[in-house]
Every structure is written in C-alpha cells, then in structure tokens.
Amino acid sequence: MIAKTAMGLPLKGLRLAIKSSDTLIQTAGTQALRFKTWFEESKTNENASEQPAATSTINKLSTVDAGNSVSAQASDSAASVEAPIDIRELEFKKAPINWIPATILISTPIAAAVITPWYLFTHQVSAPVWGVFGAFMVWTGISITAGYHRLLAHRAYKAHPIVKNFLLLGSTLAVQGSAFDWVSGHRSHHRHVDDRMDDPYSAKRGFFFSHIGWMLKNYPSGKFDYKNIPDLTKDRTLQIQHKYYGLWVLAANVGLVAAVGWLIGDVWGTLVLAGLLRLVLTHHFTFFINSLCHMFGSRPYTDTNTARDNFFLAIFTWGEGYHNYHHFFQYDYRNGVKWWQYDPTKWLIAGLSKFGLTTELRTIDDTTIKHAEVQMQFKNAQNQIDTVNAGGLDIPHAMKNFQDRIKFEFEAFTQTVEEWQALKAKAVEMKKTEFADRLHEVDDKLKHEYANIEQKIHEHNDNLKIAFRSIGYNNKAA
C-alpha cells in the first residue's frame, strides 16, 4: 500500500514535467527552423548583391548564369540530402511520451528517496531483511550481466536450462524490459554504436539521454522489430515472458518479494528494501554502463567508439565496466579479460562450467588481444609526436629519440603482423590437406609457431613501455 501510494504521488508532476519539456523542445525546434530560414535568405541576398559586378560582358554573364545554375543544382542536391536528416531529428524532438517506462523510472526513485529513509527511521530492520536485500541485489544485477547480456545478447556461452531460467527470473526482477526488447536494443546499440539516429542509447546525445532519457519517450531508434533476434523469437519460454511480461514483473517484484518477506517475518521491510530500493539501485547501476562507461575511463583496445574501460564502474556493474574491451571483442564471455580485473560475472560463468552447467565459453585468443593493445599504443605514440610537431617548436632530444624508436618498432611490428596473417592462412591450408590422423601433428606445429608470434608481440609491447617511460608517460603502455 505504501509503495502503491508513493508511486502514485509523482504522476501529476511527471505529466506536467514531461508536457513542459515537450513545449520547450517544440519551441527550440521552431527557433532552429527560423534561424535556418534566416540564414538561407541572407546567403541568397549576398549572392544577389554579387551578381551585378560580374555582368560586364556577355561571356562573363553567361559564365555567371551557368555558375548560378550549377550552384542552384548543388544547393537543391544538398537540400535533398539534408532533408531526411532534418526529418529524423524532428521525429526525435516530437517523440511521444513512453508512459509506462517513464512512470516507473521517474516515480520509483522518488518513492525510494521518500519511503526508504522514513522506514529506516521508524522501523527496526532485522538482519535477515538486509540479507535478502543483498541476495536480491546480486541475483538481479548478475542476471542482467550473465543472462540478458552475455548469454542472450552475445551468445558468449551456452547455459543449462536451470541456469538460463534462474537468470531469466532474475532479469525479470530487474524490470528492464522483456528479453526480446532488451536484446534487440542491445544488438542495435553494438551495430550502430554512437550513431545519433540509430543507436538506441547513443552517448553522442549526452549523458541524460544515454542514461535514462532514451526510455522516457518513443524515439525512432527505440522501435524494435525483432528482426535482429531470430535466435530468440523461436524460444517458447522467452515468447511467454514477452507476451505476459507485465504479469511476470508483478509476480516477481511483488509476489515473490512479499513471499520471501513473509518467510522471514517482515513483509513490509522486505518490500521496501529488497523490492523498491533494490530495483532503483539495479536500474541505475545498469544504466551507468550506457552513460558513464562511454564517458570516463581508458581506451586500451580501440578508439573507434566512445566505450571506455573503468575499474570503478566495474565494481557497481558486476564486471561490465571494462566496456572498451567488450565493444571490440563483444563475443568474449569475459569483460575483464586480465586475471586481476574485477569481473564476477566472468567468474560465475567459468565456475558453473566446472559443473557442466555452462558450456562452449567463447574467448578471444591472447595474441589477438595483445595485438589490439599494441596497435593502440602506436596510436597513442603517434598522437604524442603529432602534438609536439603541431607546436612548431624544436623537438626535444628525448622526443626525437622517442619518435625514431616508435618508427623502428612500428616497422618491426608490421612485419610481425604479416607473419601472423600468413600463419593463419597456412593453418587453414594445412588442416585442409592433412589426413585426420595427423591433425594433432599439425596442431602441435601451429601451436609452437603461434607461441613465437605471441612472444614477438609481447616484446613489441615491452619495447613500447620503455619508449613511453623515456618521455614520462608510464601509463600509456598496457
């Protein structure tokens, strides 16, 4: 009753706030269109004022007329190219409110901020209730990372039905949409990462949009047709979850939580902490991956997108904070690929594999990973050199040595990569031509040669570390 009343309180304010934001957005859109019209008219007037000066002869007049014709055609072409972009952007600005998610996402934090402190000050919370809160936090959070994300979205491993259904129930507790919605959106995010129009939670639209704003309205990028999840739409259990998702959410977040509370003798305390507070915290910990993990941290593997590796965020997101690695090697069941990186989701999946509950764990080989790291180190080195050269000053002796060393090392690295590519082609050919009973000999030989390539890449990595230290950038080498 308390939770229901609290969730009802902000509805009027919610409607007013969203209506006001719509008005502001429409006004801004109108002003933008007026500015664009004014700018085009000014440009036309300037062209008109320049024409008389060019009409001294018939030949010049013909040239000007032809030029104006070409310019007009080019202008029309440019307008036709820009028109779809303007229309799509206008669709974003005029997107209707997504009432159910908006109500939940705005009302639950307010309810938690009001009810939780009041309840803690006026009631004695027992240790079992706090224990259930912690257990549900772990279950819900890791069900999103190990279930919706690495199992269903990326197919990074296979799970026993018991594990799959346990994670599916935990993901339903998280109230982040059905498996169909979540996975379809996430695959679109990877396919169109950072695209303002097609990435459902593009970081290019700012922190608020990528964190929570993308769910408050029915934006064009958030309309999923499920064509990118044919592997899931055939699953009967997932079909049922999607069809009756609302009932599943109520049964899990009210029925199940209340039942556990009844068993430990405190229904209301369990609903407030393991229900409401846990839901809000899990929401925003997950949302941090879409927002903060695309804003703060390092990019040791690729700079082709905004995803970052962030140890601090990995703590709150059950290992998902190593986002730069994940966006470059999305089918690896690990996000924290180093042995020392905090990734409890990885540890859970690997641990369950010891009992046969998870199988076919997909990984990227160490050589490929190190190759990506070394490539990024060369990019960082070149950026340092370009920064110094752009200053127009004499290059310091240390930087000149650094530049020569990087050039030499890059040439050697290029040779190593060529050897690696040739070895992979050789491996395919040898496995085609050798008899089945001799394949183990081929594997042993290839394993030895791959080890030599890997050692060379590690040597390049070490040499780059030394080069960076020579100019005082110890953190630039991985």
# chains A, B, ... in the order shown; residues from 1 in each chain; ligands from 1

$ closest_atom_pairs --of "segment 124-240 of chain A" --to "segment 331-344 of chain A" --cutoff "9 Å" --atoms "only C-alpha atoms" --output "tab-separated table"
residue	atom	partner	partner_atom	distance
A:Ile142	CA	A:Pro344	CA	8.3
A:Ala146	CA	A:Tyr333	CA	8.7
A:Arg150	CA	A:Tyr333	CA	6.2
A:Leu151	CA	A:Tyr333	CA	8.2
A:His154	CA	A:Tyr331	CA	5.6
A:Arg155	CA	A:Tyr331	CA	6.9
A:Ala156	CA	A:Tyr333	CA	4.8
A:Tyr157	CA	A:Tyr333	CA	6.6

$ write_last_selection --atoms "C-alpha atoms" --output "mmCIF file, in the first residue's frame"
data_model
loop_
_atom_site.group_PDB
_atom_site.id
_atom_site.type_symbol
_atom_site.label_atom_id
_atom_site.label_comp_id
_atom_site.auth_asym_id
_atom_site.auth_seq_id
_atom_site.Cartn_x
_atom_site.Cartn_y
_atom_site.Cartn_z
ATOM 1 C CA ILE A 142 24.179 -10.566 -12.273
ATOM 2 C CA ALA A 146 25.248 -13.037 -17.250
ATOM 3 C CA ARG A 150 26.383 -12.243 -22.231
ATOM 4 C CA LEU A 151 24.113 -15.278 -22.699
ATOM 5 C CA HIS A 154 26.001 -12.043 -27.389
ATOM 6 C CA ARG A 155 25.700 -15.829 -27.192
ATOM 7 C CA ALA A 156 29.070 -15.848 -25.454
ATOM 8 C CA TYR A 157 28.318 -19.215 -23.849
#

$ select_by_dssp --residues "segment 257-453 of chain A" --states "strand (DSSP E or B)" --output "count of residues only"
5

$ closest_atom_pairs --of "segment 219-338 of chain A" --to "segment 125-138 of chain A" --cutoff "6 Å" --atoms "only C-alpha atoms" --output "CSV"
residue,atom,partner,partner_atom,distance
A:Thr270,CA,A:Val129,CA,5.7
A:Leu273,CA,A:Phe133,CA,5.9
A:Ala274,CA,A:Phe133,CA,4.2
A:Arg278,CA,A:Met137,CA,5.9

$ write_last_selection --atoms "N, CA and C atoms" --output "mmCIF file, in the first residue's frame"
data_model
loop_
_atom_site.group_PDB
_atom_site.id
_atom_site.type_symbol
_atom_site.label_atom_id
_atom_site.label_comp_id
_atom_site.auth_asym_id
_atom_site.auth_seq_id
_atom_site.Cartn_x
_atom_site.Cartn_y
_atom_site.Cartn_z
ATOM 1 N N THR A 270 10.871 -6.084 3.716
ATOM 2 C CA THR A 270 11.427 -6.751 2.538
ATOM 3 C C THR A 270 10.970 -6.061 1.258
ATOM 4 N N LEU A 273 13.006 -2.627 1.038
ATOM 5 C CA LEU A 273 14.447 -2.746 0.765
ATOM 6 C C LEU A 273 14.751 -3.684 -0.400
ATOM 7 N N ALA A 274 14.311 -4.932 -0.324
ATOM 8 C CA ALA A 274 14.602 -5.908 -1.385
ATOM 9 C C ALA A 274 13.733 -5.685 -2.605
ATOM 10 N N ARG A 278 16.150 -1.911 -3.935
ATOM 11 C CA ARG A 278 16.963 -2.774 -4.810
ATOM 12 C C ARG A 278 16.668 -2.511 -6.277
#

$ atom_distance --atom1 "atom CA of Asn228 of chain A" --atom2 "atom CA of Val183 of chain A"
8.8 Å

$ residues_around --residues "Gln239 of chain A" --least-positions-apart "5" --cutoff "12 Å" --atoms "only C-alpha atoms" --output "list of chain:residue names"
A:Ser178, A:Ala179, A:Phe180, A:Asp181, A:Pro230, A:Asp231, A:Leu232, A:Thr233, A:Lys234, A:Tyr244, A:Tyr245

$ write_last_selection --atoms "N, CA and C atoms" --output "CSV table (one decimal), in the first residue's frame"
chain,number,residue,atom,x,y,z
A,178,SER,N,11.4,-7.0,-21.5
A,178,SER,CA,11.5,-8.4,-21.8
A,178,SER,C,12.8,-8.7,-22.5
A,179,ALA,N,13.1,-10.0,-22.6
A,179,ALA,CA,14.3,-10.4,-23.2
A,179,ALA,C,14.4,-10.0,-24.7
A,180,PHE,N,13.2,-10.0,-25.3
A,180,PHE,CA,13.1,-9.6,-26.7
A,180,PHE,C,13.5,-8.1,-26.8
A,181,ASP,N,12.9,-7.3,-26.0
A,181,ASP,CA,13.2,-5.8,-26.1
A,181,ASP,C,14.7,-5.5,-25.7
A,230,PRO,N,16.4,-13.4,-34.4
A,230,PRO,CA,15.7,-14.7,-34.8
A,230,PRO,C,16.0,-15.9,-33.9
A,231,ASP,N,17.2,-15.9,-33.3
A,231,ASP,CA,17.5,-17.0,-32.4
A,231,ASP,C,16.7,-17.0,-31.1
A,232,LEU,N,16.2,-15.9,-30.8
A,232,LEU,CA,15.4,-15.8,-29.5
A,232,LEU,C,13.9,-15.9,-29.7
A,233,THR,N,13.4,-15.4,-30.9
A,233,THR,CA,11.9,-15.4,-31.1
A,233,THR,C,11.4,-16.8,-31.2
A,234,LYS,N,12.2,-17.8,-31.4
A,234,LYS,CA,11.8,-19.2,-31.5
A,234,LYS,C,11.7,-19.9,-30.1
A,244,TYR,N,3.5,-12.0,-21.6
A,244,TYR,CA,2.9,-11.7,-20.3
A,244,TYR,C,3.9,-11.0,-19.4
A,245,TYR,N,4.7,-10.1,-20.0
A,245,TYR,CA,5.8,-9.5,-19.2
A,245,TYR,C,5.3,-8.7,-18.0

$ residues_around --residues "segment 217-226 of chain A" --least-positions-apart "6" --cutoff "6 Å" --atoms "only C-alpha atoms" --output "list in words"
Phe92, Ala95, Pro96, Ile97, Asn98, Ser184, Asp198 and Pro200 of chain A

$ residues_around --residues "Arg299 of chain A" --least-positions-apart "5" --cutoff "8 Å" --atoms "only C-alpha atoms" --output "MDAnalysis selection string"
chainID A and resid 307:309 324

$ write_last_selection --atoms "C-alpha atoms" --output "JSON list (two decimals), in the first residue's frame"
[["chain", "number", "residue", "atom", "x", "y", "z"],
["A", 307, "ALA", "CA", 33.30, 2.95, -24.92],
["A", 308, "ARG", "CA", 35.77, 3.05, -22.01],
["A", 309, "ASP", "CA", 37.32, 0.64, -19.53],
["A", 324, "ASN", "CA", 36.17, -0.75, -24.28]]

$ select_by_dssp --residues "segment 158-300 of chain A" --states "helix (DSSP H, G or I)" --output "number ranges by chain"
A: 161-173, 179-191, 203-205, 207-211, 213-215, 220-222, 230-233, 236-243, 245-264, 267-290, 292-294
